[in-house]
Amino acid sequence: MHATSENLTDQVKPERHKSSLGDLLVGIGKLSARDLERASSAREETGGALASVLVNLGLVSEVDVAQAQAKLLGLSFVTVDDFPDPMPEVPGLQSDFLRNHHLYPMRVDESGLTVAMAEPDNAFVLKALGLATGLAVHPCVALLSDIENAMTAGDEVPTDDDALGYDTDSGDFVEHLKDLASEAPVIRMVNQIIGKVTDLRASDIHLEPFDDGLHVRYRVDGVIATAEVVAPQHSAAVNSRVKLMAHLDIAERRLPQDGRIKTRVKGRELDLRVSTVPTVHGESVVMRVLDRSSVRYSLESIGFAPENLERFNYLLARPHGILLITGPTGSGKTTTLYTALSKLDADAFKIITVEEPVEYQLQGINQIQVHQQIGLTFANALRSILRQDPDIIMIGEMRDGETAQIAVQSALTGHLVLSTLHTNTAAGAVIRLQDMGIEPYLITSSVNGVLSQRLVRRLCDHCKAPYVPEPNLVVSSGLQRMGLQVSHLYKAVGCDHCRHTGYAGRCGIHEMLVLDDNIRRGILDGLDAAALHAKATSGGMHTLYEDGLLKVAAGVTSLDELLRVTEDHTDA
């Protein structure tokens, strides 16, 4: 039986659309020509639509594909916020048909049926809709995940694992989780969650299970916010998919686990450090985004003031001694350490690092990863690498007295040692070393300097607005005391470029304590952290707050942001 001319048109049109979709994505810079060739080859092998192949391979986001389809077909693009609730009843349409073909009716009026579709170019579905309803069909484009979530929002869901009909420790349950995690909708959902980090510039992804579903939260520029809530029936499958990608044991849900994911999103290599912990509602998963590009920065670009940069470079150039970087978790200590290491000449020096874990791999540098389970601790690794004839040693973190003792011995025997410490101020690092059992005379002999740092959000250059500060604000903030003459400051406003936060990116603020004779005398005299801090500031050290004020005056950040980050360090 020969196909009619109309049927031939229907058969050819989708194929032509596939190539046009790829060309459009290449044309608008969302996809490279090489990646389009890869996706086309994959589609020939596996079948399916080019759009789904592109998304499943992680080459473009689901949103980019849907918006490109809408542009190509001249249709409107709708999001879940545009969906009517409840969904309008359309005579002749069965819920199974809507679910199977990913359709969500938007409205029925005198013009016909407006329906959101994940595949708006599917001629068969469009024709079936018209025949079933007797209405003119007006398609619009929506994300498949939005349609699926909207369709399942009212479903009855099991409240715990037993309701699924499985013993949680049984092999059947584990196999069930594997099956769920391997289904296309779950894979697409996880790819979409991970893919957003590039658009948001997020540093962490948090998947937190609660009664109402899996809360997906992103930390952007140090501030965390909820982005979406995955339906409860998908929570276990999404977490299992992430654990499979990180090569973790999905059957073990009672103990914390750590793993790593290497994936490709929108043409960019992503390295994710995965951590899971059990909670009362299920497993909480956190993925730390390790951005290799962050270690390609110069020390100037990460916020060092000229005076602090000069002191830091001086300490880096010393042939031996300890240089410490302090601050709370997430204050950029590791990035500063890596940036400093990348500045050193790996060809001229033997550089060895001991880390837990190795976050970035640096060219020409020997990096050792700690494995506590097999006895490869910081202390044991340090003892071994001293026999490797290093010039420079980097210790990821000084956690105990044994590690600190070996670091001091290394510094006294002619090595430059770089490390981090969890203290709030630069002077506090000296007292912390004493708490670890290091004698004051050894601290004065081995420690060259301490850098304390925090990260403040940069004001968005596209929308920051100047304002004239009140005279009492100039006095109370400390701007007048520092002799900063400012006619105006800048405040956050918010625009499309910064996602209406008013901020884009982050910048370091620092206090640089160099152990000169004056500070060494104070340490030997037994001064506490506050007294050492006062002695250092009287000797010319800018505090974290004062360094931040310089950036406020320069329009880099806002006074509100500085106060948020340094509220326990304001000297004004």
# chains A, B, ... in the order shown; residues from 1 in each chain; ligands from 1
>>> residues_around(residues="A:Leu524", least_positions_apart="3", cutoff="12 Å", atoms="only C-alpha atoms", output="ChimeraX atom specification")
/A:430-431,434,439-445,515,517-521,527-528,532
>>> residues_around(residues="A:Gln369", least_positions_apart="5", cutoff="6 Å", atoms="only C-alpha atoms", output="ChimeraX atom specification")
/A:354-358
>>> closest_residue(among="A:Asp146, A:Gly396, A:Asp347, A:Tyr104", to="A:Glu62", atoms="only C-alpha atoms")
A:Asp146
>>> closest_residue(among="A:Ser76, A:Thr566, A:Gln405, A:Ser452", to="A:Ile325", atoms="only C-alpha atoms")
A:Ser452
>>> residues_around(residues="stretch 299-309 of chain A", least_positions_apart="2", cutoff="12 Å", atoms="only C-alpha atoms", output="PyMOL selection string")
chain A and resi 294-297+311-316+331-333+335-344+449-458+505-514+540-544+546-551+554+556-557
>>> atom_distance(atom1="atom CA of A:Ile393", atom2="atom CA of A:Thr353")
5.7 Å
>>> closest_residue(among="A:Leu207, A:Met398, A:Cys140, A:Leu473", to="A:Pro278", atoms="only C-alpha atoms")
A:Leu207
>>> residues_around(residues="A:Thr425", least_positions_apart="3", cutoff="8 Å", atoms="only C-alpha atoms", output="number ranges by chain")
A: 326-327, 428-429, 452
>>> residues_around(residues="stretch 246-261 of chain A", least_positions_apart="6", cutoff="6 Å", atoms="only C-alpha atoms", output="PyMOL selection string")
chain A and resi 174+240+271-278
>>> select_by_dssp(residues="stretch 308-467 of chain A", states="strand (DSSP E)", output="VMD selection string")
chain A and resid 321 to 326 351 to 355 366 to 369 392 to 395 416 to 421 447 to 459 465 to 467
>>> closest_residue(among="A:Glu208, A:Asp221, A:Asp35, A:Asp400", to="A:Glu283", atoms="only C-alpha atoms")
A:Glu208
>>> residues_around(residues="A:Val78", least_positions_apart="2", cutoff="10 Å", atoms="only C-alpha atoms", output="list in words")
Ala66, Gln67, Ala70, Leu75, Ser76, Val80, Asp81, Asp82, Phe83, Met106, Ala116, Met117, Cys140, Val141, Ala142, Leu143 and Asp146 of chain A
>>> write_last_selection(atoms="C-alpha atoms", output="PDB file, in the first residue's frame")
ATOM      1  CA  ALA A  66      12.424  23.617  24.404  1.00  0.00           C
ATOM      2  CA  GLN A  67      12.958  27.325  23.747  1.00  0.00           C
ATOM      3  CA  ALA A  70       9.376  27.039  20.202  1.00  0.00           C
ATOM      4  CA  LEU A  75       5.062  28.671  19.068  1.00  0.00           C
ATOM      5  CA  SER A  76       4.963  30.124  22.570  1.00  0.00           C
ATOM      6  CA  VAL A  80       4.858  25.197  35.015  1.00  0.00           C
ATOM      7  CA  ASP A  81       3.892  28.582  36.503  1.00  0.00           C
ATOM      8  CA  ASP A  82       1.623  29.132  33.475  1.00  0.00           C
ATOM      9  CA  PHE A  83      -0.190  25.802  33.936  1.00  0.00           C
ATOM     10  CA  MET A 106      -4.085  24.746  29.157  1.00  0.00           C
ATOM     11  CA  ALA A 116       1.262  22.283  26.321  1.00  0.00           C
ATOM     12  CA  MET A 117       3.383  19.625  24.585  1.00  0.00           C
ATOM     13  CA  CYS A 140       2.599  25.430  22.829  1.00  0.00           C
ATOM     14  CA  VAL A 141       5.976  24.167  24.056  1.00  0.00           C
ATOM     15  CA  ALA A 142       6.705  23.080  27.643  1.00  0.00           C
ATOM     16  CA  LEU A 143       9.395  21.074  29.430  1.00  0.00           C
ATOM     17  CA  ASP A 146       7.236  20.297  34.020  1.00  0.00           C
TER      18      ASP A 146
END
>>> select_by_dssp(residues="stretch 371-566 of chain A", states="helix (DSSP H, G or I)", output="PyMOL selection string")
chain A and resi 372-374+378-388+401-412+426-435+440-446+471-476+517-524+529-538+544-553+559-565
>>> atom_distance(atom1="atom CA of A:Ile395", atom2="atom CA of A:Thr420")
7.3 Å
